[in-house]
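So this one's query04.pdb, PDB, C-alpha atoms:
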MODEL        1
ATOM      1  CA  MET V   1       0.000   0.000   0.000  1.00  0.00           C
ATOM      2  CA  LYS V   2       2.846   2.387   0.885  1.00  0.00           C
ATOM      3  CA  ILE V   3       4.459   1.780  -2.519  1.00  0.00           C
ATOM      4  CA  LYS V   4       1.210   2.692  -4.292  1.00  0.00           C
ATOM      5  CA  ILE V   5       0.903   5.917  -2.280  1.00  0.00           C
ATOM      6  CA  LEU V   6       4.562   6.809  -2.918  1.00  0.00           C
ATOM      7  CA  SER V   7       4.126   6.118  -6.640  1.00  0.00           C
ATOM      8  CA  ILE V   8       1.034   8.311  -6.840  1.00  0.00           C
ATOM      9  CA  LEU V   9       2.750  11.090  -4.870  1.00  0.00           C
ATOM     10  CA  SER V  10       5.807  10.836  -7.154  1.00  0.00           C
ATOM     11  CA  ILE V  11       3.648  11.171 -10.246  1.00  0.00           C
ATOM     12  CA  ILE V  12       1.837  14.166  -8.748  1.00  0.00           C
ATOM     13  CA  LEU V  13       5.148  15.803  -7.772  1.00  0.00           C
ATOM     14  CA  ILE V  14       6.663  15.273 -11.229  1.00  0.00           C
ATOM     15  CA  THR V  15       3.506  16.656 -12.859  1.00  0.00           C
ATOM     16  CA  LEU V  16       3.624  19.733 -10.621  1.00  0.00           C
ATOM     17  CA  LEU V  17       7.294  20.288 -11.423  1.00  0.00           C
ATOM     18  CA  PHE V  18       6.579  20.248 -15.164  1.00  0.00           C
ATOM     19  CA  ILE V  19       3.554  22.515 -14.806  1.00  0.00           C
ATOM     20  CA  THR V  20       5.424  25.099 -12.726  1.00  0.00           C
ATOM     21  CA  GLY V  21       8.538  24.964 -14.879  1.00  0.00           C
ATOM     22  CA  CYS V  22      10.866  23.952 -12.070  1.00  0.00           C
ATOM     23  CA  THR V  23      12.568  21.412 -14.296  1.00  0.00           C
ATOM     24  CA  THR V  24      13.703  23.917 -16.922  1.00  0.00           C
ATOM     25  CA  MET V  25      17.431  24.319 -17.338  1.00  0.00           C
ATOM     26  CA  GLN V  26      18.875  27.561 -16.076  1.00  0.00           C
ATOM     27  CA  GLN V  27      20.522  29.742 -18.701  1.00  0.00           C
ATOM     28  CA  ASP V  28      24.040  30.943 -18.029  1.00  0.00           C
ATOM     29  CA  ASP V  29      23.772  34.732 -17.914  1.00  0.00           C
ATOM     30  CA  THR V  30      27.497  35.116 -18.521  1.00  0.00           C
ATOM     31  CA  THR V  31      27.284  34.172 -22.213  1.00  0.00           C
ATOM     32  CA  ASN V  32      26.575  36.652 -24.989  1.00  0.00           C
ATOM     33  CA  GLU V  33      25.159  34.097 -27.391  1.00  0.00           C
ATOM     34  CA  GLU V  34      22.139  35.110 -29.444  1.00  0.00           C
ATOM     35  CA  LEU V  35      18.831  33.680 -28.387  1.00  0.00           C
ATOM     36  CA  THR V  36      17.503  31.549 -31.182  1.00  0.00           C
ATOM     37  CA  ASN V  37      14.049  30.396 -32.054  1.00  0.00           C
ATOM     38  CA  THR V  38      13.933  26.863 -30.663  1.00  0.00           C
ATOM     39  CA  PHE V  39      10.681  26.140 -32.494  1.00  0.00           C
ATOM     40  CA  PRO V  40      11.189  27.513 -36.023  1.00  0.00           C
ATOM     41  CA  THR V  41       8.137  27.617 -38.219  1.00  0.00           C
ATOM     42  CA  THR V  42       7.450  27.685 -41.927  1.00  0.00           C
ATOM     43  CA  GLY V  43       4.980  30.180 -43.335  1.00  0.00           C
ATOM     44  CA  THR V  44       3.801  31.511 -46.657  1.00  0.00           C
ATOM     45  CA  MET V  45       3.135  35.168 -47.549  1.00  0.00           C
ATOM     46  CA  SER V  46       2.389  37.280 -50.571  1.00  0.00           C
ATOM     47  CA  MET V  47       4.661  40.278 -51.143  1.00  0.00           C
ATOM     48  CA  LYS V  48       1.950  42.580 -49.795  1.00  0.00           C
ATOM     49  CA  GLU V  49       1.648  40.514 -46.602  1.00  0.00           C
ATOM     50  CA  PHE V  50       5.425  40.481 -46.247  1.00  0.00           C
ATOM     51  CA  TYR V  51       5.618  44.271 -46.718  1.00  0.00           C
ATOM     52  CA  GLN V  52       2.934  44.761 -44.061  1.00  0.00           C
ATOM     53  CA  ASP V  53       4.923  42.527 -41.672  1.00  0.00           C
ATOM     54  CA  ILE V  54       7.992  44.825 -41.771  1.00  0.00           C
ATOM     55  CA  ASN V  55       8.565  47.389 -39.020  1.00  0.00           C
ATOM     56  CA  ILE V  56      11.215  50.073 -39.463  1.00  0.00           C
ATOM     57  CA  THR V  57      12.171  52.599 -36.814  1.00  0.00           C
ATOM     58  CA  SER V  58      15.055  55.014 -37.044  1.00  0.00           C
ATOM     59  CA  THR V  59      16.705  57.561 -34.778  1.00  0.00           C
ATOM     60  CA  VAL V  60      19.951  59.493 -35.052  1.00  0.00           C
ATOM     61  CA  ASP V  61      21.933  56.601 -33.567  1.00  0.00           C
ATOM     62  CA  SER V  62      19.827  53.500 -34.297  1.00  0.00           C
ATOM     63  CA  TYR V  63      18.087  51.722 -37.156  1.00  0.00           C
ATOM     64  CA  THR V  64      15.727  48.803 -36.583  1.00  0.00           C
ATOM     65  CA  LYS V  65      14.048  46.646 -39.222  1.00  0.00           C
ATOM     66  CA  THR V  66      12.117  43.713 -37.785  1.00  0.00           C
ATOM     67  CA  PHE V  67       9.287  41.402 -38.781  1.00  0.00           C
ATOM     68  CA  ASP V  68       6.074  41.148 -36.749  1.00  0.00           C
ATOM     69  CA  SER V  69       5.390  37.460 -37.247  1.00  0.00           C
ATOM     70  CA  LEU V  70       8.793  35.999 -38.142  1.00  0.00           C
ATOM     71  CA  ASP V  71      11.605  34.932 -35.834  1.00  0.00           C
ATOM     72  CA  GLN V  72      15.209  33.788 -36.159  1.00  0.00           C
ATOM     73  CA  ASN V  73      15.450  30.473 -38.064  1.00  0.00           C
ATOM     74  CA  ASP V  74      11.883  30.616 -39.412  1.00  0.00           C
ATOM     75  CA  THR V  75      11.419  29.594 -43.042  1.00  0.00           C
ATOM     76  CA  LEU V  76       9.389  31.948 -45.207  1.00  0.00           C
ATOM     77  CA  ILE V  77       7.979  31.091 -48.617  1.00  0.00           C
ATOM     78  CA  LEU V  78       7.068  34.218 -50.583  1.00  0.00           C
ATOM     79  CA  ILE V  79       4.622  33.618 -53.449  1.00  0.00           C
ATOM     80  CA  ASP V  80       3.663  36.325 -55.933  1.00  0.00           C
ATOM     81  CA  SER V  81       3.772  37.446 -59.566  1.00  0.00           C
ATOM     82  CA  ILE V  82       6.774  39.175 -61.117  1.00  0.00           C
ATOM     83  CA  SER V  83       6.193  42.804 -62.158  1.00  0.00           C
ATOM     84  CA  ASP V  84       9.589  43.430 -63.730  1.00  0.00           C
ATOM     85  CA  ILE V  85      12.942  41.699 -64.315  1.00  0.00           C
ATOM     86  CA  LYS V  86      16.296  43.396 -64.948  1.00  0.00           C
ATOM     87  CA  TYR V  87      19.835  42.111 -65.250  1.00  0.00           C
ATOM     88  CA  SER V  88      22.781  44.174 -63.998  1.00  0.00           C
ATOM     89  CA  GLY V  89      25.811  43.046 -65.988  1.00  0.00           C
ATOM     90  CA  MET V  90      28.159  45.222 -63.980  1.00  0.00           C
ATOM     91  CA  ASP V  91      27.160  43.544 -60.703  1.00  0.00           C
ATOM     92  CA  ASN V  92      26.124  40.171 -62.215  1.00  0.00           C
ATOM     93  CA  PHE V  93      22.720  39.889 -60.589  1.00  0.00           C
ATOM     94  CA  THR V  94      19.119  39.705 -61.766  1.00  0.00           C
ATOM     95  CA  GLU V  95      16.669  41.945 -59.934  1.00  0.00           C
ATOM     96  CA  PHE V  96      13.019  40.929 -59.652  1.00  0.00           C
ATOM     97  CA  THR V  97      10.372  43.546 -58.878  1.00  0.00           C
ATOM     98  CA  PHE V  98       7.110  42.629 -57.186  1.00  0.00           C
ATOM     99  CA  SER V  99       4.380  45.310 -57.173  1.00  0.00           C
ATOM    100  CA  PHE V 100       1.206  45.504 -55.119  1.00  0.00           C
ATOM    101  CA  THR V 101      -1.326  48.056 -53.958  1.00  0.00           C
ATOM    102  CA  ASP V 102      -0.884  49.194 -50.379  1.00  0.00           C
ATOM    103  CA  ASP V 103      -4.090  50.402 -48.800  1.00  0.00           C
ATOM    104  CA  SER V 104      -2.978  50.221 -45.164  1.00  0.00           C
ATOM    105  CA  ASP V 105      -3.099  54.020 -44.687  1.00  0.00           C
ATOM    106  CA  GLY V 106      -6.592  54.400 -46.106  1.00  0.00           C
ATOM    107  CA  GLY V 107      -5.399  55.454 -49.575  1.00  0.00           C
ATOM    108  CA  THR V 108      -4.112  53.331 -52.391  1.00  0.00           C
ATOM    109  CA  GLU V 109      -0.458  53.440 -53.334  1.00  0.00           C
ATOM    110  CA  THR V 110       1.603  51.126 -55.514  1.00  0.00           C
ATOM    111  CA  LYS V 111       4.585  49.676 -53.633  1.00  0.00           C
ATOM    112  CA  ASN V 112       7.495  47.621 -54.963  1.00  0.00           C
ATOM    113  CA  LEU V 113       9.721  45.029 -53.335  1.00  0.00           C
ATOM    114  CA  TYR V 114      13.006  44.094 -55.002  1.00  0.00           C
ATOM    115  CA  PHE V 115      14.904  40.816 -54.769  1.00  0.00           C
ATOM    116  CA  ARG V 116      18.366  40.215 -56.246  1.00  0.00           C
ATOM    117  CA  PHE V 117      19.684  36.838 -57.403  1.00  0.00           C
ATOM    118  CA  HIS V 118      23.198  35.878 -58.553  1.00  0.00           C
ATOM    119  CA  GLY V 119      23.790  35.717 -62.279  1.00  0.00           C
ATOM    120  CA  ASN V 120      21.687  36.346 -65.350  1.00  0.00           C
ATOM    121  CA  ILE V 121      18.457  34.361 -64.986  1.00  0.00           C
ATOM    122  CA  VAL V 122      16.267  36.693 -67.047  1.00  0.00           C
ATOM    123  CA  GLN V 123      15.709  34.013 -69.702  1.00  0.00           C
ATOM    124  CA  ASP V 124      14.213  31.629 -67.104  1.00  0.00           C
ATOM    125  CA  PHE V 125      11.343  33.918 -66.054  1.00  0.00           C
ATOM    126  CA  ASN V 126       8.736  36.225 -67.581  1.00  0.00           C
ATOM    127  CA  ILE V 127       6.806  39.203 -66.268  1.00  0.00           C
ATOM    128  CA  ASP V 128       3.548  37.943 -64.669  1.00  0.00           C
ATOM    129  CA  ASP V 129       5.064  34.537 -63.833  1.00  0.00           C
ATOM    130  CA  THR V 130       4.055  33.403 -60.356  1.00  0.00           C
ATOM    131  CA  VAL V 131       7.116  32.384 -58.366  1.00  0.00           C
ATOM    132  CA  SER V 132       8.018  31.135 -54.915  1.00  0.00           C
ATOM    133  CA  ILE V 133      11.096  32.338 -53.032  1.00  0.00           C
ATOM    134  CA  THR V 134      12.143  30.294 -49.996  1.00  0.00           C
ATOM    135  CA  VAL V 135      14.224  32.157 -47.404  1.00  0.00           C
ATOM    136  CA  HIS V 136      15.300  31.743 -43.788  1.00  0.00           C
ATOM    137  CA  ILE V 137      15.096  34.529 -41.224  1.00  0.00           C
ATOM    138  CA  LYS V 138      18.292  35.792 -39.583  1.00  0.00           C
ATOM    139  CA  GLU V 139      18.568  38.377 -36.799  1.00  0.00           C
ATOM    140  CA  VAL V 140      21.641  40.613 -36.836  1.00  0.00           C
ATOM    141  CA  GLN V 141      22.801  43.261 -34.365  1.00  0.00           C
ATOM    142  CA  ILE V 142      25.720  45.453 -35.391  1.00  0.00           C
ATOM    143  CA  THR V 143      27.094  48.852 -34.445  1.00  0.00           C
ATOM    144  CA  ASN V 144      28.747  50.699 -37.310  1.00  0.00           C
ATOM    145  CA  TYR V 145      29.684  54.393 -37.616  1.00  0.00           C
ATOM    146  CA  ASN V 146      27.989  55.043 -34.247  1.00  0.00           C
ATOM    147  CA  ILE V 147      24.673  53.615 -35.467  1.00  0.00           C
ATOM    148  CA  SER V 148      23.230  50.521 -33.799  1.00  0.00           C
ATOM    149  CA  TYR V 149      21.501  48.221 -36.296  1.00  0.00           C
ATOM    150  CA  THR V 150      18.939  45.608 -35.316  1.00  0.00           C
ATOM    151  CA  LEU V 151      17.957  43.807 -38.486  1.00  0.00           C
ATOM    152  CA  ASP V 152      15.745  40.923 -39.460  1.00  0.00           C
ATOM    153  CA  LEU V 153      16.900  39.802 -42.881  1.00  0.00           C
ATOM    154  CA  PHE V 154      17.299  36.691 -44.998  1.00  0.00           C
ATOM    155  CA  GLU V 155      20.095  34.250 -44.185  1.00  0.00           C
ATOM    156  CA  GLU V 156      20.550  33.898 -47.950  1.00  0.00           C
ATOM    157  CA  GLN V 157      21.494  37.615 -48.238  1.00  0.00           C
ATOM    158  CA  TRP V 158      23.952  37.734 -45.374  1.00  0.00           C
ATOM    159  CA  ILE V 159      27.680  37.721 -46.158  1.00  0.00           C
ATOM    160  CA  ALA V 160      29.563  38.667 -42.998  1.00  0.00           C
ATOM    161  CA  GLU V 161      29.683  41.390 -40.369  1.00  0.00           C
ATOM    162  CA  LYS V 162      33.050  42.617 -41.675  1.00  0.00           C
ATOM    163  CA  ILE V 163      31.708  43.176 -45.207  1.00  0.00           C
ATOM    164  CA  PHE V 164      28.532  44.808 -43.863  1.00  0.00           C
ATOM    165  CA  LYS V 165      30.641  47.234 -41.823  1.00  0.00           C
ATOM    166  CA  GLU V 166      32.867  48.060 -44.795  1.00  0.00           C
ATOM    167  CA  LYS V 167      29.996  48.840 -47.161  1.00  0.00           C
ATOM    168  CA  VAL V 168      27.236  50.307 -44.960  1.00  0.00           C
ATOM    169  CA  LYS V 169      28.038  53.810 -43.803  1.00  0.00           C
ATOM    170  CA  ASP V 170      24.410  54.783 -43.100  1.00  0.00           C
ATOM    171  CA  PRO V 171      20.975  53.067 -43.157  1.00  0.00           C
ATOM    172  CA  THR V 172      20.281  54.058 -46.777  1.00  0.00           C
ATOM    173  CA  LEU V 173      23.093  51.694 -47.835  1.00  0.00           C
ATOM    174  CA  ILE V 174      21.920  48.509 -46.067  1.00  0.00           C
ATOM    175  CA  ASN V 175      21.405  46.649 -49.368  1.00  0.00           C
ATOM    176  CA  GLU V 176      25.083  47.282 -50.199  1.00  0.00           C
ATOM    177  CA  GLY V 177      26.002  45.122 -47.199  1.00  0.00           C
ATOM    178  CA  LEU V 178      23.905  42.208 -48.436  1.00  0.00           C
ATOM    179  CA  GLN V 179      24.639  39.845 -51.299  1.00  0.00           C
ATOM    180  CA  PRO V 180      22.319  38.738 -54.105  1.00  0.00           C
ATOM    181  CA  MET V 181      20.702  35.423 -53.220  1.00  0.00           C
ATOM    182  CA  ASP V 182      21.386  32.098 -54.909  1.00  0.00           C
ATOM    183  CA  SER V 183      19.054  31.626 -57.878  1.00  0.00           C
ATOM    184  CA  SER V 184      18.144  28.102 -56.713  1.00  0.00           C
ATOM    185  CA  ILE V 185      15.713  29.550 -54.131  1.00  0.00           C
ATOM    186  CA  ILE V 186      13.383  31.113 -56.718  1.00  0.00           C
ATOM    187  CA  LYS V 187      11.061  28.730 -58.539  1.00  0.00           C
ATOM    188  CA  LYS V 188       8.397  29.269 -61.161  1.00  0.00           C
ATOM    189  CA  ILE V 189       4.965  28.015 -60.110  1.00  0.00           C
ATOM    190  CA  ILE V 190       2.840  26.566 -62.891  1.00  0.00           C
ATOM    191  CA  ILE V 191      -0.812  27.259 -62.148  1.00  0.00           C
TER     192      ILE V 191
ENDMDL
END

Can the structure from this file be put into structure tokens for me?
Amino acid sequence: MKIKILSILSIILITLLFITGCTTMQQDDTTNEELTNTFPTTGTMSMKEFYQDINITSTVDSYTKTFDSLDQNDTLILIDSISDIKYSGMDNFTEFTFSFTDDSDGGTETKNLYFRFHGNIVQDFNIDDTVSITVHIKEVQITNYNISYTLDLFEEQWIAEKIFKEKVKDPTLINEGLQPMDSSIIKKIII
């Protein structure tokens, strides 16, 4: 009888420990490692939804660009139709333009998002093709020229902190610190 009571009490105690969180591992506060998303998710957005998910705030000494619903290590699949395609021979990348109507401020305004891919892939796509672009979210914090940057961006665009610091002298030049993405992540969708 005593063994049954001890077993039941043990199960109750273990259940209470899990419910109250007493069994969680303590984090060492002495490390400066980035917190990462331990439960990454995969989501799909149109370019308009993605644009509406971006938050940008800027002061004299800081620039922040974050996503509302995306975290470090999340996978995002962007699906939309191409509005324009251009190849830059000097920089060896193809730039895709995606246009949409933004009505979030009560009016209607045409907005564009631009995505760059390595090489000349103009011949593989046409205007009005529906494509998917699969990217992974990366969080970066850097101080450069007395400006603190907190950025959510695509892992596929990131080169290195050193290159970012060399090329980005102010927030208007952020794209200069990012590389064109590999063309394997953009796929034509046949509807």

(request) Taking the file as shown, find all residues satisfying the PyMOL selection byres ((chain V and resi 151) around 12) and write them as a ChimeraX atom specification. (result) /V:54-58,62-67,71-72,137-143,148-150,152-155,158,164,171,174-175,177-178

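Taken over the shown file, the PyMOL selection byres ((chain V and resi 43) around 8) identifies Thr41, Thr42, Thr44, Met45, Asp74, Thr75, Leu76 and Ile77 of chain V.
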
(request) Work out how far apart CA of Ser69 (chain V) and CA of Asp53 (chain V) are and give it in Å to one decimal. (result)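 So the two atoms, CA of Ser69 (chain V) and CA of Asp53 (chain V), lie 6.7 Å apart.
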
(message) Report, in Å to a single decimal, how far apart CA of Ile190 (chain V) and CA of Phe115 (chain V) are.
(response) 20.4 Å

(request) Considering only C-alpha atoms, state which residue in the set V:Asp80, V:Phe100, V:Gln179, V:Leu173 is at the smallest distance from Ala160 (chain V). (result)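 With only C-alpha atoms as the atom set, the closest residue is V:Gln179.
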
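Using the PyMOL selection byres ((chain V and resi 121-131) around 9) on this structure selects Leu78, Ile79, Asp80, Ser81, Ile82, Ser83, Asp84, Ile85, Lys86, Tyr87, Phe93, Thr94, Glu95, Phe117, His118, Gly119, Asn120, Ser132, Ile133, Ser183, Ile186, Lys187, Lys188, Ile189, Ile190 and Ile191 of chain V.
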
(message) What does the structure give for the distance between CA of Gln52 (chain V) and CA of Met181 (chain V), in Å to one decimal?
(response)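 One can read the CA of Gln52 (chain V) to CA of Met181 (chain V) distance as 22.1 Å.
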
(request) Extract, using only C-alpha atoms, all DNA, RNA and protein residues at most 8 Å from Lys111 (chain V), discarding same-chain residues fewer than 5 positions from it, and format them as a list in words. (result)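 So the residues in contact are Ser99, Phe100, Thr101 and Asp102 of chain V.
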
Those residues you just picked out, can you put them in a file as an mmCIF file, keeping the file's coordinate frame with C-alpha atoms?
data_model
loop_
_atom_site.group_PDB
_atom_site.id
_atom_site.type_symbol
_atom_site.label_atom_id
_atom_site.label_comp_id
_atom_site.auth_asym_id
_atom_site.auth_seq_id
_atom_site.Cartn_x
_atom_site.Cartn_y
_atom_site.Cartn_z
ATOM 1 C CA SER V 99 4.380 45.310 -57.173
ATOM 2 C CA PHE V 100 1.206 45.504 -55.119
ATOM 3 C CA THR V 101 -1.326 48.056 -53.958
ATOM 4 C CA ASP V 102 -0.884 49.194 -50.379
#

Using the file's own x, y and z axes, what box holds all listed atoms of region 98-114 of chain V with 3 Å on each side, keeping edges along x, y and z, and what are its centre and edge lengths in Å to one decimal, as JSON?
{"center_x": 3.2, "center_y": 49.0, "center_z": -50.9, "size_x": 25.6, "size_y": 18.8, "size_z": 18.5}

Could you rebuild region 140-156 of chain V with N, CA and C atoms and give me the result as a short mmCIF file (atom, residue, chain, number, x, y, z; two decimals), in the frame of the given file?
data_model
loop_
_atom_site.label_atom_id
_atom_site.label_comp_id
_atom_site.auth_asym_id
_atom_site.auth_seq_id
_atom_site.Cartn_x
_atom_site.Cartn_y
_atom_site.Cartn_z
N VAL V 140 20.28 40.09 -36.91
CA VAL V 140 21.64 40.61 -36.84
C VAL V 140 21.62 41.89 -36.00
N GLN V 141 22.61 42.02 -35.12
CA GLN V 141 22.80 43.26 -34.36
C GLN V 141 24.24 43.70 -34.55
N ILE V 142 24.39 44.92 -35.07
CA ILE V 142 25.72 45.45 -35.39
C ILE V 142 25.74 46.94 -35.04
N THR V 143 26.89 47.41 -34.59
CA THR V 143 27.09 48.85 -34.44
C THR V 143 28.16 49.24 -35.46
N ASN V 144 27.85 50.25 -36.26
CA ASN V 144 28.75 50.70 -37.31
C ASN V 144 28.60 52.21 -37.47
N TYR V 145 29.70 52.93 -37.50
CA TYR V 145 29.68 54.39 -37.62
C TYR V 145 28.73 55.01 -36.60
N ASN V 146 28.80 54.54 -35.36
CA ASN V 146 27.99 55.04 -34.25
C ASN V 146 26.49 54.85 -34.43
N ILE V 147 26.09 53.96 -35.31
CA ILE V 147 24.67 53.62 -35.47
C ILE V 147 24.50 52.15 -35.08
N SER V 148 23.55 51.89 -34.20
CA SER V 148 23.23 50.52 -33.80
C SER V 148 22.15 49.98 -34.72
N TYR V 149 22.45 48.86 -35.38
CA TYR V 149 21.50 48.22 -36.30
C TYR V 149 20.93 46.96 -35.64
N THR V 150 19.63 46.84 -35.67
CA THR V 150 18.94 45.61 -35.32
C THR V 150 18.14 45.23 -36.55
N LEU V 151 18.53 44.14 -37.19
CA LEU V 151 17.96 43.81 -38.49
C LEU V 151 17.44 42.38 -38.53
N ASP V 152 16.23 42.22 -39.03
CA ASP V 152 15.74 40.92 -39.46
C ASP V 152 15.94 40.90 -40.96
N LEU V 153 16.64 39.90 -41.45
CA LEU V 153 16.90 39.80 -42.88
C LEU V 153 16.89 38.34 -43.28
N PHE V 154 17.27 38.07 -44.51
CA PHE V 154 17.30 36.69 -45.00
C PHE V 154 18.71 36.13 -44.86
N GLU V 155 18.81 34.94 -44.31
CA GLU V 155 20.10 34.25 -44.18
C GLU V 155 20.79 34.20 -45.54
N GLU V 156 20.01 34.03 -46.60
CA GLU V 156 20.55 33.90 -47.95
C GLU V 156 21.19 35.19 -48.46
#
